[in-house]
Amino acid sequence: MVVVPPGDVLMGSNPSDIDSGLAAANEAPQHRAVVKQPIAVGRFEVTRDQYAAFVRSTGYKAGSRCYTFEQNSPKERDQRSFLNPGFAQDGRHPAVCVSWTDAKAYVQWLAQTTGKPYRLLSEAEFEYVARAGSPSRFGFGDDAANLCKFVNGADRAAKVEIEAGWRAVRRLADQARTRDRRPPTS
């Protein structure tokens, strides 16, 4: 665990990032979020072995479906779980295919097992911790050209297959922005 001091972070995306399609419309408006008290945060992700210990200890019914990106297609798939995410993994890797409900059950078990008050971070706390005091647009700086270098997402090999989908998302966002700018009718 690492103790993170109180502070604040600018959350959300600026209008130019939304207009360019770099960010979604639901990431506005930008606002300052304040973390008022120190918080202790895990230094590393929960591993597959740690999550498996929780499942064994409690008999928790981990799901057998999760969203994966396979054959250049992001979708929810059967027969996928933290034990079988669709790619090679061992017990030292971060637990994946874990829902918010699963994560919440894990921290409740962890708190009961250790007698310590564990909980999930709020969105504001996570953003604050992830930025580590940086005022930049991204955790790695301001240059969007470096997104592929630092972001865990579809890589350039998937660009052709999903580009049409991104165009459709941008078109819908544009339609929503246009609709939101229309004056009210009486």
# chains A, B, ... in the order shown; residues from 1 in each chain; ligands from 1
>>> residues_around(residues="Lys75 in chain A", least_positions_apart="4", cutoff="12 Å", atoms="only C-alpha atoms", output="PyMOL selection string")
chain A and resi 65-71+80+162
>>> write_last_selection(atoms="all heavy atoms", output="compact mmCIF listing (two decimals), in the first residue's frame")
# COMPACT_ATOMS: atom_id res chain seq x y z
N ARG A 65 -18.49 -15.19 -18.40
CA ARG A 65 -18.59 -14.32 -19.58
C ARG A 65 -17.87 -13.03 -19.27
O ARG A 65 -17.93 -12.54 -18.15
CB ARG A 65 -20.05 -13.96 -19.89
CG ARG A 65 -20.93 -15.07 -20.33
CD ARG A 65 -22.37 -14.60 -20.55
NE ARG A 65 -22.52 -13.55 -21.53
CZ ARG A 65 -22.67 -13.74 -22.84
NH1 ARG A 65 -22.69 -14.95 -23.31
NH2 ARG A 65 -22.81 -12.74 -23.66
N CYS A 66 -17.19 -12.47 -20.27
CA CYS A 66 -16.66 -11.13 -20.11
C CYS A 66 -16.35 -10.55 -21.49
O CYS A 66 -16.30 -11.26 -22.49
CB CYS A 66 -15.45 -11.08 -19.19
SG CYS A 66 -13.92 -11.70 -19.86
N TYR A 67 -16.17 -9.24 -21.51
CA TYR A 67 -15.81 -8.56 -22.75
C TYR A 67 -14.34 -8.78 -23.03
O TYR A 67 -13.49 -8.56 -22.16
CB TYR A 67 -16.10 -7.05 -22.64
CG TYR A 67 -17.56 -6.74 -22.80
CD1 TYR A 67 -18.41 -6.71 -21.71
CD2 TYR A 67 -18.10 -6.52 -24.06
CE1 TYR A 67 -19.75 -6.44 -21.85
CE2 TYR A 67 -19.44 -6.26 -24.23
CZ TYR A 67 -20.26 -6.22 -23.12
OH TYR A 67 -21.60 -5.96 -23.28
N THR A 68 -14.05 -9.22 -24.25
CA THR A 68 -12.67 -9.41 -24.67
C THR A 68 -12.51 -8.86 -26.08
O THR A 68 -13.49 -8.62 -26.79
CB THR A 68 -12.26 -10.89 -24.66
OG1 THR A 68 -13.03 -11.61 -25.63
CG2 THR A 68 -12.43 -11.51 -23.29
N PHE A 69 -11.27 -8.65 -26.46
CA PHE A 69 -10.95 -8.19 -27.81
C PHE A 69 -10.21 -9.33 -28.49
O PHE A 69 -9.04 -9.55 -28.24
CB PHE A 69 -10.08 -6.93 -27.74
CG PHE A 69 -9.87 -6.29 -29.08
CD1 PHE A 69 -10.84 -5.46 -29.61
CD2 PHE A 69 -8.72 -6.52 -29.81
CE1 PHE A 69 -10.66 -4.87 -30.85
CE2 PHE A 69 -8.53 -5.93 -31.04
CZ PHE A 69 -9.51 -5.10 -31.57
N GLU A 70 -10.94 -10.10 -29.29
CA GLU A 70 -10.36 -11.26 -29.98
C GLU A 70 -10.70 -11.17 -31.46
O GLU A 70 -11.79 -10.75 -31.82
CB GLU A 70 -10.92 -12.56 -29.39
CG GLU A 70 -10.59 -12.73 -27.92
CD GLU A 70 -11.26 -13.95 -27.30
OE1 GLU A 70 -11.33 -15.00 -27.97
OE2 GLU A 70 -11.72 -13.84 -26.16
N GLN A 71 -9.78 -11.61 -32.30
CA GLN A 71 -9.94 -11.56 -33.76
C GLN A 71 -10.44 -10.18 -34.19
O GLN A 71 -11.35 -10.05 -34.98
CB GLN A 71 -10.89 -12.67 -34.24
CG GLN A 71 -10.31 -14.05 -34.12
CD GLN A 71 -11.18 -14.97 -33.30
OE1 GLN A 71 -12.33 -14.68 -33.02
NE2 GLN A 71 -10.62 -16.09 -32.90
N ARG A 80 -15.33 -17.15 -20.90
CA ARG A 80 -14.22 -16.26 -20.56
C ARG A 80 -14.38 -15.88 -19.11
O ARG A 80 -15.48 -15.55 -18.66
CB ARG A 80 -14.21 -15.01 -21.44
CG ARG A 80 -13.88 -15.29 -22.89
CD ARG A 80 -12.42 -15.69 -23.01
NE ARG A 80 -12.04 -15.98 -24.36
CZ ARG A 80 -11.76 -17.22 -24.80
NH1 ARG A 80 -11.85 -18.25 -24.00
NH2 ARG A 80 -11.39 -17.40 -26.04
N ILE A 162 -11.76 -1.82 -36.76
CA ILE A 162 -12.66 -1.07 -35.88
C ILE A 162 -12.85 0.38 -36.30
O ILE A 162 -13.67 1.07 -35.73
CB ILE A 162 -12.19 -1.13 -34.41
CG1 ILE A 162 -10.85 -0.46 -34.22
CG2 ILE A 162 -12.18 -2.54 -33.91
CD1 ILE A 162 -10.42 -0.36 -32.78
>>> residues_around(residues="Pro15 in chain A", least_positions_apart="5", cutoff="12 Å", atoms="only C-alpha atoms", output="PyMOL selection string")
chain A and resi 20-30+177
>>> residues_around(residues="range 48-61 of chain A", least_positions_apart="5", cutoff="10 Å", atoms="only C-alpha atoms", output="VMD selection string")
chain A and resid 82 to 83 89 to 96 98 102 to 103 105 to 107 109 to 110 113
>>> select_by_dssp(residues="range 115-159 of chain A", states="alpha helix (DSSP H)", output="ChimeraX atom specification")
/A:123-131,147-150,159
>>> select_by_dssp(residues="range 27-151 of chain A", states="strand (DSSP E or B)", output="list in words")
His31, Arg32, Ala33, Val34, Val35, Ile39, Ala40, Val41, Thr47, Arg65, Cys66, Tyr67, Thr68, Phe69, Glu70, Ser73, Pro74, Lys75, Glu76, Arg77, Asp78, Pro94, Phe138 and Gly141 of chain A
>>> closest_residue(among="A:Asn14, A:Arg119, A:Asp19, A:Val129", to="Trp100 in chain A", atoms="only C-alpha atoms")
A:Arg119
>>> residues_around(residues="Ser64 in chain A", least_positions_apart="4", cutoff="10 Å", atoms="only C-alpha atoms", output="list in words")
Arg77, Asp78, Gln79, Arg80, Ser81, Phe82, Leu83, Asn84, Pro85 and Cys97 of chain A
>>> write_last_selection(atoms="N, CA and C atoms", output="JSON list (two decimals), in the first residue's frame")
[["chain", "number", "residue", "atom", "x", "y", "z"],
["A", 77, "ARG", "N", -18.12, -12.41, -24.47],
["A", 77, "ARG", "CA", -17.98, -13.79, -24.90],
["A", 77, "ARG", "C", -18.26, -14.76, -23.76],
["A", 78, "ASP", "N", -18.83, -15.92, -24.14],
["A", 78, "ASP", "CA", -19.00, -17.03, -23.20],
["A", 78, "ASP", "C", -17.64, -17.69, -22.99],
["A", 79, "GLN", "N", -17.56, -18.47, -21.93],
["A", 79, "GLN", "CA", -16.35, -19.24, -21.62],
["A", 79, "GLN", "C", -15.12, -18.37, -21.42],
["A", 80, "ARG", "N", -15.33, -17.15, -20.90],
["A", 80, "ARG", "CA", -14.22, -16.26, -20.56],
["A", 80, "ARG", "C", -14.38, -15.88, -19.11],
["A", 81, "SER", "N", -13.28, -15.96, -18.37],
["A", 81, "SER", "CA", -13.32, -15.64, -16.95],
["A", 81, "SER", "C", -11.92, -15.21, -16.52],
["A", 82, "PHE", "N", -11.78, -14.91, -15.24],
["A", 82, "PHE", "CA", -10.45, -14.53, -14.75],
["A", 82, "PHE", "C", -9.46, -15.68, -14.92],
["A", 83, "LEU", "N", -9.96, -16.92, -14.99],
["A", 83, "LEU", "CA", -9.07, -18.08, -15.22],
["A", 83, "LEU", "C", -8.83, -18.35, -16.71],
["A", 84, "ASN", "N", -9.71, -17.85, -17.56],
["A", 84, "ASN", "CA", -9.59, -18.07, -18.99],
["A", 84, "ASN", "C", -10.00, -16.80, -19.75],
["A", 85, "PRO", "N", -9.11, -15.78, -19.76],
["A", 85, "PRO", "CA", -9.48, -14.51, -20.38],
["A", 85, "PRO", "C", -9.33, -14.49, -21.91],
["A", 97, "CYS", "N", -11.20, -9.81, -16.41],
["A", 97, "CYS", "CA", -12.56, -10.36, -16.50],
["A", 97, "CYS", "C", -13.23, -10.34, -15.13]]
>>> closest_residue(among="A:Lys104, A:Gly63, A:Val46, A:Phe138", to="Ser13 in chain A", atoms="only C-alpha atoms")
A:Phe138
